[in-house]
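A short worksheet on the structure shown next.
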Amino acid sequence: MLVRCLYASRAAAGTSAAILDDILVQSRRNNPANGITGMLCVSNDLFIQVLEGGRDEVCDLYHAIVRDTRHEHLRLLAYEEISERRFGGWTMGQVNLAKVNPSQLLKYFKRAELDPFNASGAATLSLLSELVASASLIGRGE
């Protein structure tokens, strides 16, 4: 059974290029062996990540992320059983949300700013899907 997990968090010590690189390297190294695909979006100290894969593997990874001291204010935005992956082509795609057009954000959020903590998980997931469709990815992580 496939599931999708969407969460948002804040970086505990601020987001640095080294922290982001470490998270991406770790994801791209470990996720393929566990059948996990997804996308990581970063904006200032905000992380939004979608994980797709088998139920046990996604749950185990999510619980490891919850315990990761690099994250704080972690919130589960959506968790669902799925019939197919939306992010199947990525071991961990990366988007820099600082470069997203404000009108794109206004389409899904109350203001032209990214605030997944005060929006529905469906709205946040729709934004991510639109970013994939518009090729706004920095890296596919294949």
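Here, A, B, ... name the chains of the structure tokens in the order displayed, residue numbers run from 1 inside each chain, and ligands are numbered from 1 in the same displayed order.
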
For this session: List every residue of segment 9-142 of chain A that DSSP, applied to the backbone of this structure, assigns to helix (DSSP H, G or I), and report them as a PyMOL selection string.
Result: chain A and resi 17-30+32-34+55-67+97-99+102-106+116-118+121-133

For this session: Might you pull out every residue within 12 Å of segment 109-115 of chain A, with only C-alpha atoms counted and same-chain residues fewer than 5 positions away left off, and present them as number ranges by chain?
Result: A: 8-10, 41-48, 75, 77, 96-104, 120-128

Just write the chosen residues, N, CA and C atoms, as an mmCIF file, in the first residue's frame.
```cif
data_model
loop_
_atom_site.group_PDB
_atom_site.id
_atom_site.type_symbol
_atom_site.label_atom_id
_atom_site.label_comp_id
_atom_site.auth_asym_id
_atom_site.auth_seq_id
_atom_site.Cartn_x
_atom_site.Cartn_y
_atom_site.Cartn_z
ATOM 1 N N ALA A 8 5.343 20.225 7.430
ATOM 2 C CA ALA A 8 6.119 21.466 7.419
ATOM 3 C C ALA A 8 6.856 21.560 8.742
ATOM 4 N N SER A 9 8.013 22.213 8.718
ATOM 5 C CA SER A 9 8.775 22.423 9.945
ATOM 6 C C SER A 9 9.620 23.681 9.794
ATOM 7 N N ARG A 10 10.180 24.100 10.894
ATOM 8 C CA ARG A 10 11.133 25.207 10.907
ATOM 9 C C ARG A 10 12.507 24.623 11.217
ATOM 10 N N CYS A 41 10.953 21.425 -0.126
ATOM 11 C CA CYS A 41 10.914 22.844 -0.442
ATOM 12 C C CYS A 41 11.468 23.612 0.742
ATOM 13 N N VAL A 42 12.307 24.605 0.445
ATOM 14 C CA VAL A 42 12.943 25.385 1.489
ATOM 15 C C VAL A 42 12.747 26.868 1.198
ATOM 16 N N SER A 43 12.376 27.622 2.221
ATOM 17 C CA SER A 43 12.260 29.066 2.116
ATOM 18 C C SER A 43 12.665 29.652 3.464
ATOM 19 N N ASN A 44 13.784 30.359 3.473
ATOM 20 C CA ASN A 44 14.347 30.878 4.726
ATOM 21 C C ASN A 44 14.520 29.720 5.697
ATOM 22 N N ASP A 45 13.827 29.735 6.838
ATOM 23 C CA ASP A 45 13.975 28.640 7.802
ATOM 24 C C ASP A 45 12.839 27.631 7.714
ATOM 25 N N LEU A 46 12.022 27.694 6.668
ATOM 26 C CA LEU A 46 10.857 26.831 6.509
ATOM 27 C C LEU A 46 11.178 25.645 5.610
ATOM 28 N N PHE A 47 10.765 24.459 6.061
ATOM 29 C CA PHE A 47 10.839 23.244 5.255
ATOM 30 C C PHE A 47 9.423 22.760 5.000
ATOM 31 N N ILE A 48 9.149 22.368 3.766
ATOM 32 C CA ILE A 48 7.927 21.644 3.432
ATOM 33 C C ILE A 48 8.385 20.415 2.672
ATOM 34 N N ARG A 75 4.854 20.026 11.838
ATOM 35 C CA ARG A 75 3.412 19.809 11.789
ATOM 36 C C ARG A 75 3.066 18.917 10.613
ATOM 37 N N LEU A 77 0.740 17.947 7.851
ATOM 38 C CA LEU A 77 -0.270 18.676 7.084
ATOM 39 C C LEU A 77 -1.254 17.742 6.394
ATOM 40 N N ASN A 96 13.422 25.884 -4.402
ATOM 41 C CA ASN A 96 13.712 27.069 -3.592
ATOM 42 C C ASN A 96 12.487 27.972 -3.676
ATOM 43 N N LEU A 97 11.698 28.009 -2.611
ATOM 44 C CA LEU A 97 10.443 28.754 -2.629
ATOM 45 C C LEU A 97 10.638 30.262 -2.640
ATOM 46 N N ALA A 98 11.841 30.728 -2.370
ATOM 47 C CA ALA A 98 12.106 32.165 -2.430
ATOM 48 C C ALA A 98 11.974 32.687 -3.860
ATOM 49 N N LYS A 99 12.069 31.793 -4.837
ATOM 50 C CA LYS A 99 11.993 32.196 -6.235
ATOM 51 C C LYS A 99 10.611 31.970 -6.845
ATOM 52 N N VAL A 100 9.630 31.581 -6.031
ATOM 53 C CA VAL A 100 8.279 31.350 -6.524
ATOM 54 C C VAL A 100 7.570 32.687 -6.695
ATOM 55 N N ASN A 101 6.840 32.833 -7.775
ATOM 56 C CA ASN A 101 6.088 34.047 -8.059
ATOM 57 C C ASN A 101 5.038 34.278 -6.963
ATOM 58 N N PRO A 102 4.968 35.468 -6.386
ATOM 59 C CA PRO A 102 3.978 35.749 -5.330
ATOM 60 C C PRO A 102 2.536 35.465 -5.743
ATOM 61 N N SER A 103 2.196 35.659 -7.020
ATOM 62 C CA SER A 103 0.833 35.377 -7.456
ATOM 63 C C SER A 103 0.529 33.883 -7.388
ATOM 64 N N GLN A 104 1.542 33.062 -7.543
ATOM 65 C CA GLN A 104 1.376 31.619 -7.406
ATOM 66 C C GLN A 104 1.039 31.274 -5.957
ATOM 67 N N SER A 120 -4.597 24.710 4.370
ATOM 68 C CA SER A 120 -4.915 23.282 4.315
ATOM 69 C C SER A 120 -3.751 22.510 3.694
ATOM 70 N N GLY A 121 -3.650 21.263 4.071
ATOM 71 C CA GLY A 121 -2.655 20.397 3.449
ATOM 72 C C GLY A 121 -2.911 20.271 1.959
ATOM 73 N N ALA A 122 -4.203 20.268 1.565
ATOM 74 C CA ALA A 122 -4.558 20.159 0.147
ATOM 75 C C ALA A 122 -4.032 21.357 -0.639
ATOM 76 N N ALA A 123 -4.133 22.563 -0.069
ATOM 77 C CA ALA A 123 -3.628 23.755 -0.754
ATOM 78 C C ALA A 123 -2.114 23.683 -0.918
ATOM 79 N N THR A 124 -1.412 23.265 0.124
ATOM 80 C CA THR A 124 0.044 23.156 0.059
ATOM 81 C C THR A 124 0.459 22.103 -0.958
ATOM 82 N N LEU A 125 -0.231 20.968 -0.972
ATOM 83 C CA LEU A 125 0.071 19.907 -1.933
ATOM 84 C C LEU A 125 -0.219 20.369 -3.358
ATOM 85 N N SER A 126 -1.257 21.154 -3.555
ATOM 86 C CA SER A 126 -1.566 21.701 -4.885
ATOM 87 C C SER A 126 -0.452 22.619 -5.368
ATOM 88 N N LEU A 127 0.080 23.439 -4.467
ATOM 89 C CA LEU A 127 1.207 24.299 -4.831
ATOM 90 C C LEU A 127 2.395 23.447 -5.265
ATOM 91 N N LEU A 128 2.713 22.413 -4.503
ATOM 92 C CA LEU A 128 3.849 21.554 -4.858
ATOM 93 C C LEU A 128 3.635 20.898 -6.216
#
```

For this session: Could you pull out the residues in segment 3-43 of chain A that DSSP calls strand (DSSP E) from the backbone, as an MDAnalysis selection string?
Result: chainID A and resid 3:11 37:43

Exercise. For Arg86 of chain A, which residue out of A:Ala64, A:Cys5, A:Ala12, A:Leu106 is the nearest one, using only C-alpha atoms?
Worked result: A:Cys5

For this session: Please identify all polymer residues within 7 Å of segment 78-81 of chain A, counting only C-alpha atoms, omitting same-chain residues fewer than 3 positions from it, and present them as a PyMOL selection string.
Result: chain A and resi 2-7+121

Keeping only C-alpha atoms, write the selected residues to a file as a JSON list (two decimals), in the first residue's frame.
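Now in result.json:
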```
[["chain", "number", "residue", "atom", "x", "y", "z"],
["A", 2, "LEU", "CA", 1.28, 3.44, -0.96],
["A", 3, "VAL", "CA", 0.88, 6.52, 1.22],
["A", 4, "ARG", "CA", 1.71, 10.21, 0.97],
["A", 5, "CYS", "CA", 2.87, 12.27, 3.95],
["A", 6, "LEU", "CA", 3.12, 16.06, 3.84],
["A", 7, "TYR", "CA", 4.66, 18.06, 6.68],
["A", 121, "GLY", "CA", -2.65, 20.40, 3.45]]
```

Exercise. Residues at most 12 Å from Asp68 of chain A, counting only C-alpha atoms, excluding those fewer than 5 positions away in the same chain, as a PyMOL selection string?
Worked result: chain A and resi 9-12+23+61-63+73-74

I need the residues from that last selection saved to file as a compact mmCIF listing (two decimals), in the first residue's frame (with N, CA and C atoms), if you can.
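Written file, part_15.txt:
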```
# COMPACT_ATOMS: atom_id res chain seq x y z
N SER A 9 8.01 22.21 8.72
CA SER A 9 8.77 22.42 9.95
C SER A 9 9.62 23.68 9.79
N ARG A 10 10.18 24.10 10.89
CA ARG A 10 11.13 25.21 10.91
C ARG A 10 12.51 24.62 11.22
N ALA A 11 13.52 25.23 10.65
CA ALA A 11 14.89 24.82 10.96
C ALA A 11 15.23 25.28 12.37
N ALA A 12 15.75 24.38 13.17
CA ALA A 12 16.04 24.69 14.56
C ALA A 12 17.13 25.75 14.70
N ILE A 23 20.84 17.27 4.44
CA ILE A 23 19.52 16.64 4.38
C ILE A 23 19.30 16.02 3.00
N LEU A 61 10.27 6.88 8.34
CA LEU A 61 11.03 8.07 7.99
C LEU A 61 10.45 9.31 8.67
N TYR A 62 9.14 9.44 8.67
CA TYR A 62 8.50 10.60 9.31
C TYR A 62 8.86 10.63 10.80
N HIS A 63 8.82 9.50 11.45
CA HIS A 63 9.16 9.47 12.88
C HIS A 63 10.63 9.81 13.11
N HIS A 73 8.99 22.79 15.50
CA HIS A 73 7.64 23.20 15.09
C HIS A 73 7.16 22.35 13.91
N LEU A 74 7.43 21.05 13.97
CA LEU A 74 7.04 20.14 12.91
C LEU A 74 5.55 19.87 12.98
```

Problem set entry | Nearest candidate to Val132 of chain A (options A:Val25, A:Ala119, A:Gly89, A:Glu52; using only C-alpha atoms) |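 Closest to Val132 of chain A, using only C-alpha atoms: A:Gly89.
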
Problem set entry | Between atom CA of Glu130 of chain A and atom CA of Met39 of chain A - distance in Å to one decimal |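 These atoms are spaced 12.4 Å apart.
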
Exercise. Which of these residues is nearest to Gly88 of chain A, using only C-alpha atoms: A:Ile36, A:Cys59, A:Leu76, A:Leu24?
Worked result: A:Ile36
